[in-house]
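Engineer: Sharing input34.pdb below, PDB, C-alpha atoms:
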ATOM      1  CA  MET V 858     -71.605  10.841  52.585
ATOM      2  CA  THR V 859     -72.633   7.312  51.630
ATOM      3  CA  THR V 860     -73.976   6.624  48.151
ATOM      4  CA  TYR V 861     -76.558   3.866  47.818
ATOM      5  CA  ALA V 862     -77.608   2.167  44.592
ATOM      6  CA  VAL V 863     -80.612  -0.007  43.809
ATOM      7  CA  THR V 864     -80.810  -2.149  40.686
ATOM      8  CA  GLY V 865     -84.155  -2.711  38.997
ATOM      9  CA  ALA V 866     -85.256   0.554  40.600
ATOM     10  CA  THR V 867     -88.370   0.944  38.444
ATOM     11  CA  GLY V 868     -89.519  -2.589  39.261
ATOM     12  CA  ALA V 869     -92.011  -3.420  41.984
ATOM     13  CA  LEU V 870     -89.470  -4.315  44.681
ATOM     14  CA  GLY V 871     -86.698  -1.951  43.610
ATOM     15  CA  GLY V 872     -88.996   1.064  43.490
ATOM     16  CA  LEU V 873     -90.312   0.323  46.954
ATOM     17  CA  ALA V 874     -86.742  -0.081  48.216
ATOM     18  CA  VAL V 875     -85.862   3.396  46.962
ATOM     19  CA  ASP V 876     -88.942   4.747  48.744
ATOM     20  CA  ALA V 877     -87.917   2.915  51.910
ATOM     21  CA  LEU V 878     -84.392   4.341  51.805
ATOM     22  CA  ILE V 879     -85.814   7.857  51.570
ATOM     23  CA  ALA V 880     -88.248   7.091  54.407
ATOM     24  CA  ARG V 881     -85.248   6.057  56.526
ATOM     25  CA  GLY V 882     -83.700   9.482  56.016
ATOM     26  CA  VAL V 883     -81.347   8.825  53.104
ATOM     27  CA  ALA V 884     -81.207  11.932  50.933
ATOM     28  CA  PRO V 885     -82.539  11.296  47.412
ATOM     29  CA  ALA V 886     -79.342  12.825  46.003
ATOM     30  CA  ASP V 887     -77.400  10.013  47.724
ATOM     31  CA  ILE V 888     -79.379   7.301  45.923
ATOM     32  CA  VAL V 889     -78.554   5.926  42.482
ATOM     33  CA  ALA V 890     -81.452   4.218  40.719
ATOM     34  CA  VAL V 891     -80.136   1.743  38.152
ATOM     35  CA  VAL V 892     -82.834   1.326  35.513
ATOM     36  CA  ARG V 893     -83.311   0.005  32.014
ATOM     37  CA  ASN V 894     -85.724   2.693  30.853
ATOM     38  CA  THR V 895     -85.467   6.336  31.894
ATOM     39  CA  ALA V 896     -89.050   6.972  30.778
ATOM     40  CA  LYS V 897     -90.212   4.812  33.686
ATOM     41  CA  ALA V 898     -87.924   6.647  36.101
ATOM     42  CA  ARG V 899     -89.321  10.162  35.782
ATOM     43  CA  SER V 900     -90.869  10.107  39.242
ATOM     44  CA  LEU V 901     -87.490   9.097  40.681
ATOM     45  CA  GLN V 902     -85.769  11.932  38.862
ATOM     46  CA  SER V 903     -88.433  14.365  40.062
ATOM     47  CA  ALA V 904     -87.763  13.226  43.629
ATOM     48  CA  GLY V 905     -84.083  14.071  43.243
ATOM     49  CA  VAL V 906     -82.774  10.519  42.837
ATOM     50  CA  THR V 907     -79.854  10.037  40.448
ATOM     51  CA  VAL V 908     -80.928   7.801  37.577
ATOM     52  CA  ARG V 909     -78.411   5.771  35.601
ATOM     53  CA  VAL V 910     -79.228   3.416  32.746
ATOM     54  CA  ALA V 911     -77.842  -0.119  32.737
ATOM     55  CA  ASP V 912     -79.225  -3.509  31.833
ATOM     56  CA  TYR V 913     -78.165  -6.654  33.687
ATOM     57  CA  THR V 914     -76.823  -7.936  30.371
ATOM     58  CA  ASP V 915     -74.540  -4.924  29.739
ATOM     59  CA  PRO V 916     -71.315  -5.162  31.805
ATOM     60  CA  ALA V 917     -69.883  -1.849  30.583
ATOM     61  CA  ALA V 918     -73.040   0.098  31.384
ATOM     62  CA  LEU V 919     -73.254  -1.583  34.791
ATOM     63  CA  GLN V 920     -69.690  -0.569  35.638
ATOM     64  CA  THR V 921     -70.450   3.042  34.713
ATOM     65  CA  ALA V 922     -73.699   2.994  36.680
ATOM     66  CA  LEU V 923     -71.992   1.664  39.816
ATOM     67  CA  THR V 924     -69.031   4.041  39.760
ATOM     68  CA  GLY V 925     -68.926   5.990  43.022
ATOM     69  CA  VAL V 926     -71.443   3.689  44.747
ATOM     70  CA  ASP V 927     -70.664   2.630  48.305
ATOM     71  CA  ARG V 928     -73.551   0.248  49.039
ATOM     72  CA  LEU V 929     -75.560  -1.670  46.456
ATOM     73  CA  LEU V 930     -78.908  -3.415  46.685
ATOM     74  CA  LEU V 931     -78.847  -6.091  44.004
ATOM     75  CA  VAL V 932     -82.484  -6.904  43.341
ATOM     76  CA  SER V 933     -82.596 -10.341  41.748
ATOM     77  CA  SER V 934     -83.441 -10.418  38.068
ATOM     78  CA  SER V 935     -86.988 -11.342  37.088
ATOM     79  CA  GLU V 936     -85.721 -13.473  34.202
ATOM     80  CA  VAL V 937     -85.770 -16.971  35.681
ATOM     81  CA  GLY V 938     -83.186 -19.107  33.906
ATOM     82  CA  GLN V 939     -81.009 -16.089  33.078
ATOM     83  CA  ARG V 940     -80.395 -14.828  36.588
ATOM     84  CA  LEU V 941     -76.966 -16.312  37.202
ATOM     85  CA  PRO V 942     -75.132 -14.740  34.224
ATOM     86  CA  GLN V 943     -76.991 -11.466  34.763
ATOM     87  CA  HIS V 944     -76.118 -11.347  38.445
ATOM     88  CA  ARG V 945     -72.511 -12.223  37.607
ATOM     89  CA  ASN V 946     -72.388  -9.135  35.385
ATOM     90  CA  VAL V 947     -73.587  -6.917  38.227
ATOM     91  CA  ILE V 948     -71.193  -8.426  40.756
ATOM     92  CA  ASP V 949     -68.216  -8.160  38.413
ATOM     93  CA  ALA V 950     -69.114  -4.533  37.682
ATOM     94  CA  ALA V 951     -69.387  -3.839  41.417
ATOM     95  CA  VAL V 952     -65.917  -5.295  41.996
ATOM     96  CA  THR V 953     -64.429  -3.144  39.234
ATOM     97  CA  ALA V 954     -66.263  -0.037  40.446
ATOM     98  CA  GLY V 955     -65.090  -0.535  44.018
ATOM     99  CA  VAL V 956     -68.505  -0.976  45.630
ATOM    100  CA  GLY V 957     -68.070  -1.482  49.370
ATOM    101  CA  LEU V 958     -71.061  -3.694  50.206
ATOM    102  CA  ILE V 959     -73.745  -5.640  48.330
ATOM    103  CA  ALA V 960     -77.123  -6.683  49.727
ATOM    104  CA  TYR V 961     -78.780  -9.355  47.579
ATOM    105  CA  THR V 962     -82.443 -10.380  47.497
ATOM    106  CA  SER V 963     -82.140 -14.151  47.677
ATOM    107  CA  LEU V 964     -84.620 -16.891  48.611
ATOM    108  CA  LEU V 965     -85.769 -18.112  52.028
ATOM    109  CA  ARG V 966     -83.299 -20.794  53.204
ATOM    110  CA  ALA V 967     -81.632 -20.806  49.799
ATOM    111  CA  ASP V 968     -79.073 -23.324  51.024
ATOM    112  CA  SER V 969     -81.650 -25.974  51.939
ATOM    113  CA  THR V 970     -84.984 -25.218  50.260
ATOM    114  CA  PRO V 971     -86.499 -27.850  47.942
ATOM    115  CA  LEU V 972     -87.796 -25.132  45.593
ATOM    116  CA  ALA V 973     -86.488 -25.064  42.034
ATOM    117  CA  LEU V 974     -85.667 -21.375  42.473
ATOM    118  CA  ARG V 975     -82.846 -22.448  44.763
ATOM    119  CA  GLU V 976     -80.211 -23.039  42.095
ATOM    120  CA  GLU V 977     -79.916 -19.521  40.722
ATOM    121  CA  HIS V 978     -80.141 -17.853  44.117
ATOM    122  CA  LEU V 979     -77.624 -20.177  45.743
ATOM    123  CA  GLY V 980     -75.362 -19.777  42.726
ATOM    124  CA  THR V 981     -75.523 -16.016  43.128
ATOM    125  CA  GLU V 982     -74.712 -16.293  46.830
ATOM    126  CA  LYS V 983     -71.597 -18.276  45.891
ATOM    127  CA  LEU V 984     -70.586 -15.629  43.337
ATOM    128  CA  LEU V 985     -70.947 -12.973  46.009
ATOM    129  CA  ALA V 986     -68.827 -14.969  48.444
ATOM    130  CA  ALA V 987     -66.100 -15.308  45.831
ATOM    131  CA  SER V 988     -66.198 -11.612  44.914
ATOM    132  CA  GLY V 989     -64.523 -10.447  48.109
ATOM    133  CA  ILE V 990     -67.108  -7.691  48.593
ATOM    134  CA  PRO V 991     -68.805  -7.695  52.020
ATOM    135  CA  THR V 992     -72.249  -9.164  51.442
ATOM    136  CA  VAL V 993     -75.660  -9.136  53.090
ATOM    137  CA  LEU V 994     -78.064 -11.935  52.131
ATOM    138  CA  LEU V 995     -81.730 -10.972  52.201
ATOM    139  CA  ARG V 996     -83.383 -14.359  51.884
ATOM    140  CA  ASN V 997     -86.914 -13.320  51.034
ATOM    141  CA  GLY V 998     -89.934 -15.497  51.641
ATOM    142  CA  TRP V 999     -93.102 -15.364  49.560
ATOM    143  CA  TYR V1000     -94.766 -12.097  48.602
ATOM    144  CA  TRP V1001     -98.479 -11.983  49.409
ATOM    145  CA  GLU V1002     -98.841 -10.193  46.069
ATOM    146  CA  ASN V1003     -97.981 -13.488  44.363
ATOM    147  CA  PHE V1004    -101.537 -14.605  45.151
ATOM    148  CA  LEU V1005    -103.310 -11.659  43.531
ATOM    149  CA  SER V1006    -103.859 -13.255  40.121
ATOM    150  CA  GLY V1007    -105.122 -16.440  41.765
ATOM    151  CA  ALA V1008    -107.389 -14.348  43.975
ATOM    152  CA  GLN V1009    -108.898 -12.638  40.936
ATOM    153  CA  ALA V1010    -109.654 -15.991  39.329
ATOM    154  CA  ALA V1011    -111.027 -17.329  42.617
ATOM    155  CA  LEU V1012    -113.446 -14.399  42.880
ATOM    156  CA  GLU V1013    -114.881 -15.335  39.492
ATOM    157  CA  SER V1014    -115.225 -19.063  40.199
ATOM    158  CA  GLY V1015    -115.668 -19.097  43.971
ATOM    159  CA  VAL V1016    -112.785 -21.564  44.248
ATOM    160  CA  LEU V1017    -109.099 -21.053  44.979
ATOM    161  CA  TYR V1018    -107.158 -23.938  43.456
ATOM    162  CA  GLY V1019    -103.738 -25.137  44.552
ATOM    163  CA  ALA V1020    -101.642 -28.113  45.552
ATOM    164  CA  GLY V1021    -100.293 -26.811  48.836
ATOM    165  CA  GLY V1022    -102.381 -29.031  51.128
ATOM    166  CA  ASP V1023    -102.215 -27.701  54.674
ATOM    167  CA  GLY V1024     -98.665 -26.388  54.280
ATOM    168  CA  LYS V1025     -98.103 -22.988  55.830
ATOM    169  CA  ILE V1026     -96.805 -19.850  54.125
ATOM    170  CA  ALA V1027     -95.175 -17.101  56.176
ATOM    171  CA  GLY V1028     -95.738 -14.425  53.568
ATOM    172  CA  ALA V1029     -95.412 -10.666  53.736
ATOM    173  CA  ALA V1030     -96.142  -7.669  51.543
ATOM    174  CA  ARG V1031     -93.578  -6.670  48.954
ATOM    175  CA  ALA V1032     -93.216  -3.338  50.762
ATOM    176  CA  ASP V1033     -92.232  -5.222  53.922
ATOM    177  CA  TYR V1034     -89.344  -6.906  52.135
ATOM    178  CA  ALA V1035     -88.341  -3.590  50.567
ATOM    179  CA  GLY V1036     -88.307  -1.957  53.982
ATOM    180  CA  ALA V1037     -86.142  -4.749  55.363
ATOM    181  CA  ALA V1038     -83.764  -4.400  52.424
ATOM    182  CA  ALA V1039     -83.418  -0.656  52.995
ATOM    183  CA  ALA V1040     -82.776  -1.161  56.707
ATOM    184  CA  ALA V1041     -80.118  -3.785  56.048
ATOM    185  CA  LEU V1042     -78.465  -1.720  53.312
ATOM    186  CA  VAL V1043     -78.070   1.217  55.696
ATOM    187  CA  THR V1044     -77.070  -0.644  58.867
ATOM    188  CA  ALA V1045     -75.362  -3.925  57.929
ATOM    189  CA  THR V1046     -71.614  -4.358  58.022
ATOM    190  CA  GLY V1047     -71.397  -7.465  55.841
ATOM    191  CA  GLY V1048     -71.699 -11.147  56.585
ATOM    192  CA  GLU V1049     -75.321 -10.973  57.742
ATOM    193  CA  VAL V1050     -77.799 -13.598  56.538
ATOM    194  CA  TYR V1051     -81.409 -12.574  57.082
ATOM    195  CA  GLU V1052     -84.098 -15.239  56.697
ATOM    196  CA  LEU V1053     -87.058 -12.969  55.955
ATOM    197  CA  ALA V1054     -90.602 -14.197  56.542
ATOM    198  CA  GLY V1055     -93.888 -12.697  57.635
ATOM    199  CA  SER V1056     -95.693 -12.713  60.954
ATOM    200  CA  GLU V1057     -98.631 -14.779  59.630
ATOM    201  CA  HIS V1058     -98.458 -18.508  58.902
ATOM    202  CA  LEU V1059    -101.331 -19.302  56.550
ATOM    203  CA  ASP V1060    -102.318 -22.380  54.583
ATOM    204  CA  TYR V1061    -104.371 -22.191  51.396
ATOM    205  CA  ALA V1062    -107.665 -22.561  53.256
ATOM    206  CA  ALA V1063    -106.747 -19.521  55.352
ATOM    207  CA  ILE V1064    -105.757 -17.631  52.212
ATOM    208  CA  ALA V1065    -109.168 -18.397  50.701
ATOM    209  CA  ALA V1066    -110.767 -17.134  53.915
ATOM    210  CA  ALA V1067    -108.696 -13.949  53.655
ATOM    211  CA  ILE V1068    -109.946 -13.377  50.101
ATOM    212  CA  THR V1069    -113.489 -13.803  51.378
ATOM    213  CA  GLU V1070    -112.908 -11.355  54.221
ATOM    214  CA  ALA V1071    -111.199  -8.766  52.015
ATOM    215  CA  THR V1072    -113.824  -8.779  49.262
ATOM    216  CA  GLY V1073    -117.067 -10.049  50.776
ATOM    217  CA  THR V1074    -117.218 -12.741  48.087
ATOM    218  CA  ALA V1075    -117.204 -16.324  49.335
ATOM    219  CA  VAL V1076    -114.157 -18.286  48.206
ATOM    220  CA  ALA V1077    -113.274 -21.852  49.208
ATOM    221  CA  TYR V1078    -110.020 -23.740  48.724
ATOM    222  CA  GLN V1079    -109.818 -26.907  46.646
ATOM    223  CA  ASN V1080    -106.647 -28.950  46.905
ATOM    224  CA  LEU V1081    -105.372 -30.765  43.809
ATOM    225  CA  THR V1082    -102.471 -33.052  43.093
ATOM    226  CA  GLU V1083     -99.393 -31.374  41.647
ATOM    227  CA  ALA V1084    -100.106 -32.878  38.208
ATOM    228  CA  ASP V1085    -103.767 -31.862  38.232
ATOM    229  CA  TYR V1086    -102.923 -28.362  39.372
ATOM    230  CA  ALA V1087    -100.327 -27.974  36.600
ATOM    231  CA  ALA V1088    -102.906 -29.171  34.078
ATOM    232  CA  ALA V1089    -105.487 -26.716  35.415
ATOM    233  CA  LEU V1090    -103.011 -23.856  35.148
ATOM    234  CA  GLU V1091    -102.205 -24.818  31.571
ATOM    235  CA  LYS V1092    -105.904 -24.917  30.767
ATOM    236  CA  SER V1093    -106.226 -21.376  32.090
ATOM    237  CA  GLY V1094    -103.615 -20.206  29.589
ATOM    238  CA  ILE V1095    -100.381 -20.428  31.572
ATOM    239  CA  PRO V1096     -97.463 -21.873  29.548
ATOM    240  CA  ALA V1097     -96.671 -25.479  30.411
ATOM    241  CA  GLN V1098     -93.193 -24.826  31.821
ATOM    242  CA  PHE V1099     -94.380 -22.046  34.130
ATOM    243  CA  ALA V1100     -97.439 -24.061  35.144
ATOM    244  CA  GLY V1101     -95.146 -26.886  36.179
ATOM    245  CA  PHE V1102     -92.978 -24.475  38.118
ATOM    246  CA  LEU V1103     -95.982 -23.085  40.016
ATOM    247  CA  ALA V1104     -97.342 -26.543  40.797
ATOM    248  CA  GLY V1105     -93.899 -27.661  41.961
ATOM    249  CA  THR V1106     -93.721 -24.644  44.253
ATOM    250  CA  ASP V1107     -96.967 -25.761  45.862
ATOM    251  CA  THR V1108     -95.423 -29.161  46.534
ATOM    252  CA  GLY V1109     -92.603 -27.279  48.227
ATOM    253  CA  ILE V1110     -95.203 -25.552  50.404
ATOM    254  CA  THR V1111     -96.334 -28.938  51.691
ATOM    255  CA  GLN V1112     -92.701 -29.528  52.709
ATOM    256  CA  GLY V1113     -92.489 -26.258  54.650
ATOM    257  CA  ALA V1114     -90.413 -24.412  52.059
ATOM    258  CA  LEU V1115     -92.260 -21.116  52.492
ATOM    259  CA  ASP V1116     -92.760 -21.191  56.254
ATOM    260  CA  SER V1117     -90.323 -19.876  58.844
ATOM    261  CA  GLU V1118     -90.308 -18.805  62.466
ATOM    262  CA  SER V1119     -87.603 -16.220  61.792
ATOM    263  CA  THR V1120     -88.442 -12.717  63.036
ATOM    264  CA  ALA V1121     -85.620 -10.989  61.157
ATOM    265  CA  LEU V1122     -88.033  -9.121  58.892
ATOM    266  CA  GLN V1123     -90.002  -7.736  61.810
ATOM    267  CA  THR V1124     -86.792  -6.695  63.553
ATOM    268  CA  LEU V1125     -85.510  -4.857  60.483
ATOM    269  CA  VAL V1126     -88.754  -2.985  59.767
ATOM    270  CA  GLY V1127     -89.633  -2.486  63.427
ATOM    271  CA  ARG V1128     -93.179  -3.865  63.243
ATOM    272  CA  PRO V1129     -95.194  -6.976  62.338
ATOM    273  CA  SER V1130     -95.510  -7.714  58.630
ATOM    274  CA  THR V1131     -98.523  -6.508  56.664
ATOM    275  CA  PRO V1132    -101.507  -8.896  57.000
ATOM    276  CA  LEU V1133    -102.648 -10.695  53.858
ATOM    277  CA  VAL V1134    -106.172  -9.307  54.250
ATOM    278  CA  GLU V1135    -104.796  -5.781  54.103
ATOM    279  CA  VAL V1136    -102.783  -6.544  50.954
ATOM    280  CA  LEU V1137    -105.813  -8.104  49.294
ATOM    281  CA  ARG V1138    -108.159  -5.310  50.362
ATOM    282  CA  THR V1139    -105.857  -2.687  48.886
ATOM    283  CA  ALA V1140    -105.140  -4.526  45.650
ATOM    284  CA  LEU V1141    -108.635  -5.834  44.942
ATOM    285  CA  ALA V1142    -110.587  -2.726  45.952
TER
END
In structure tokens, write the structure found in this file.
Structural biologist:
Amino acid sequence: MTTYAVTGATGALGGLAVDALIARGVAPADIVAVVRNTAKARSLQSAGVTVRVADYTDPAALQTALTGVDRLLLVSSSEVGQRLPQHRNVIDAAVTAGVGLIAYTSLLRADSTPLALREEHLGTEKLLAASGIPTVLLRNGWYWENFLSGAQAALESGVLYGAGGDGKIAGAARADYAGAAAAALVTATGGEVYELAGSEHLDYAAIAAAITEATGTAVAYQNLTEADYAAALEKSGIPAQFAGFLAGTDTGITQGALDSESTALQTLVGRPSTPLVEVLRTALA
């Protein structure tokens, strides 16, 4: 019997990864959901999944939670700026607990991307390499769900704003990445590096067209400079630091940071990735 664990198992990606493991035939009793709040994990408990409480900032609790685990999916922390020390805690706990393999949700081409997110992900990859535990790198591209808030605003104004120019994004649904993670966690032997990207390659104009198709409301794309886009995001209520991060990501899009011809995701899940229109139609219905 192999015991699998998923960190952040009540989060959007972690929860879907647990579902994907079960869909692949892993018995719920062989899955450990590492969560911060048991109240949010009741559906997991009802499904027969073992729930253990541990925060990324609590080394002792992490070691207890990972005891007896053979294969771990380390879902990257959502706390940008705090990821490296938090991930170090998980990795150290996994070493002490004797975990046999770790799959980590990194960033598309983490070793060469111009995106600011690179530093924490690449740092985590180096920690994993130094740990001695066999590792699988799941270098995730962009989630189509990242555009949902912008789509909502665009439906109100009729304009989708950005600074991505005609740069392409090979996005996929969050569930696609979760399915790939589950497949890799079950089948990988360690040492694999999966550059995960979707089947579609869309620029912002195509994304605006997808919003129009999904909702029936006409939306057009307006390209801004990075500075103007950051200012517009701030004006809409987004904190200055995060607005700058988002605008900088769009500049990365113009440099190809979120596009890839890799078909690793499709190979792992056994099908093309979920089309953006389908994601939008479901979320904005």
Engineer: When distances are computed from all atoms listed in the file, which of V:Leu1017, V:Leu1053, V:Val1134, V:Val947 shows the smallest separation from V:Ser1117?
Structural biologist: V:Leu1053
Engineer: Applying 12 Å and all atoms listed in the file, which residues near V:Thr1139 remain after dropping the ones on its own chain fewer than 3 positions away? List them as a list in words.
Structural biologist: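 What passes the distance filter is Trp1001, Glu1002, Leu1005, Ala1030, Ile1068, Ala1071, Thr1072, Thr1131, Pro1132, Leu1133, Val1134, Glu1135, Val1136 and Ala1142 of chain V.
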Engineer: Suppose you want the space between atom CA of V:Gly1101 and atom CA of V:Leu974; what is it in Å?
Structural biologist: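 Atom CA of V:Leu974 lies at a distance of 12.6 Å from atom CA of V:Gly1101.
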Engineer: Hey, which of V:Tyr861, V:Arg1138, V:Leu994, V:Leu870 ends up closest to V:Pro885? Count all atoms listed in the file.
Structural biologist: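 Smallest separation from V:Pro885 among the options: V:Tyr861.
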Engineer: Please, which residues are within 7 Å of (-113.8, -20.1, 44.3) by the file's coordinates, counting all atoms listed in the file, and could they come as a ChimeraX atom specification?
Structural biologist: /V:1011-1017,1076-1078
Engineer: Could you turn the residues from that selection into a file that holds C-alpha atoms, as a PDB file, in the frame of the given file?
Structural biologist:
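So the final result, stored in part_35.pdb, reads:
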ATOM      1  CA  ALA V1011    -111.027 -17.329  42.617  1.00  0.00           C
ATOM      2  CA  LEU V1012    -113.446 -14.399  42.880  1.00  0.00           C
ATOM      3  CA  GLU V1013    -114.881 -15.335  39.492  1.00  0.00           C
ATOM      4  CA  SER V1014    -115.225 -19.063  40.199  1.00  0.00           C
ATOM      5  CA  GLY V1015    -115.668 -19.097  43.971  1.00  0.00           C
ATOM      6  CA  VAL V1016    -112.785 -21.564  44.248  1.00  0.00           C
ATOM      7  CA  LEU V1017    -109.099 -21.053  44.979  1.00  0.00           C
ATOM      8  CA  VAL V1076    -114.157 -18.286  48.206  1.00  0.00           C
ATOM      9  CA  ALA V1077    -113.274 -21.852  49.208  1.00  0.00           C
ATOM     10  CA  TYR V1078    -110.020 -23.740  48.724  1.00  0.00           C
TER      11      TYR V1078
END
Engineer: Between atom CA of V:Ala1029 and atom CA of V:Thr1082, what distance in Å does the model show, to one decimal?
Structural biologist: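 According to the coordinates, atom CA of V:Ala1029 and atom CA of V:Thr1082 are separated by 25.8 Å.
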Engineer: So, with all atoms listed in the file as the atoms that count, which of V:Ala1054, V:Ala886, V:Leu1137, V:Ala1063 lies closest to V:Gln1123?
Structural biologist: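 With all atoms listed in the file as the atom set, the closest residue is V:Ala1054.
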Engineer: Using only C-alpha atoms, which of the listed residues (V:Thr1069, V:Thr992, V:Thr859, V:Ser1119) sits closest to V:Gly1028?
Structural biologist: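 Smallest separation from V:Gly1028 among the options: V:Ser1119.
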Engineer: Determine, for each residue of stretch 976-1054 of chain V having at least one atom at most 8 Å from an atom of stretch 956-968 of chain V, the closest pair of atoms and their separation in Å to one decimal, counting only C-alpha atoms; order by chain and ascending number, as a Markdown table.
Structural biologist:
| residue | atom | partner | partner_atom | distance |
| --- | --- | --- | --- | --- |
| V:His978 | CA | V:Ser963 | CA | 5.5 |
| V:Leu979 | CA | V:Ala967 | CA | 5.7 |
| V:Glu982 | CA | V:Ser963 | CA | 7.8 |
| V:Ile990 | CA | V:Leu958 | CA | 5.8 |
| V:Pro991 | CA | V:Leu958 | CA | 4.9 |
| V:Thr992 | CA | V:Ile959 | CA | 4.9 |
| V:Val993 | CA | V:Ala960 | CA | 4.4 |
| V:Leu994 | CA | V:Tyr961 | CA | 5.3 |
| V:Leu995 | CA | V:Thr962 | CA | 4.8 |
| V:Arg996 | CA | V:Leu964 | CA | 4.3 |
| V:Asn997 | CA | V:Leu964 | CA | 4.9 |
| V:Gly998 | CA | V:Leu965 | CA | 4.9 |
| V:Ala1038 | CA | V:Ala960 | CA | 7.5 |
| V:Ala1041 | CA | V:Ala960 | CA | 7.6 |
| V:Leu1042 | CA | V:Ala960 | CA | 6.3 |
| V:Thr1046 | CA | V:Leu958 | CA | 7.9 |
| V:Gly1047 | CA | V:Leu958 | CA | 6.8 |
| V:Glu1052 | CA | V:Leu965 | CA | 5.7 |
| V:Leu1053 | CA | V:Leu965 | CA | 6.6 |
| V:Ala1054 | CA | V:Leu965 | CA | 7.7 |
Engineer: From (-77.4, -4.4, 30.5), in the file's coordinates, out to 10 Å: which residues are reached, counting all atoms listed in the file? Answer as an mmCIF file with C-alpha atoms, keeping the file's coordinate frame.
Structural biologist:
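As written to disk, point_30.cif reads:
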data_model
loop_
_atom_site.group_PDB
_atom_site.id
_atom_site.type_symbol
_atom_site.label_atom_id
_atom_site.label_comp_id
_atom_site.auth_asym_id
_atom_site.auth_seq_id
_atom_site.Cartn_x
_atom_site.Cartn_y
_atom_site.Cartn_z
ATOM 1 C CA VAL V 892 -82.834 1.326 35.513
ATOM 2 C CA ARG V 893 -83.311 0.005 32.014
ATOM 3 C CA VAL V 910 -79.228 3.416 32.746
ATOM 4 C CA ALA V 911 -77.842 -0.119 32.737
ATOM 5 C CA ASP V 912 -79.225 -3.509 31.833
ATOM 6 C CA TYR V 913 -78.165 -6.654 33.687
ATOM 7 C CA THR V 914 -76.823 -7.936 30.371
ATOM 8 C CA ASP V 915 -74.540 -4.924 29.739
ATOM 9 C CA PRO V 916 -71.315 -5.162 31.805
ATOM 10 C CA ALA V 917 -69.883 -1.849 30.583
ATOM 11 C CA ALA V 918 -73.040 0.098 31.384
ATOM 12 C CA LEU V 919 -73.254 -1.583 34.791
ATOM 13 C CA GLN V 943 -76.991 -11.466 34.763
ATOM 14 C CA ASN V 946 -72.388 -9.135 35.385
ATOM 15 C CA VAL V 947 -73.587 -6.917 38.227
#
Engineer: Kindly resolve the PyMOL selection byres ((chain V and resi 1059) around 7) on the present coordinates and return the residues as a PyMOL selection string.
Structural biologist: chain V and resi 1025-1027+1057-1058+1060-1061+1063-1064
Engineer: Give me, please, the distance in Å between atom CA of V:Val889 and atom CA of V:Thr907, quoted to one decimal.
Structural biologist: 4.8 Å
Engineer: To test your reading of the syntax: which residues would the PyMOL selection byres ((chain V and resi 862) around 8) return for the file shown? Reply as number ranges by chain.
Structural biologist: V: 860-861, 863-864, 888-891, 923, 926-930
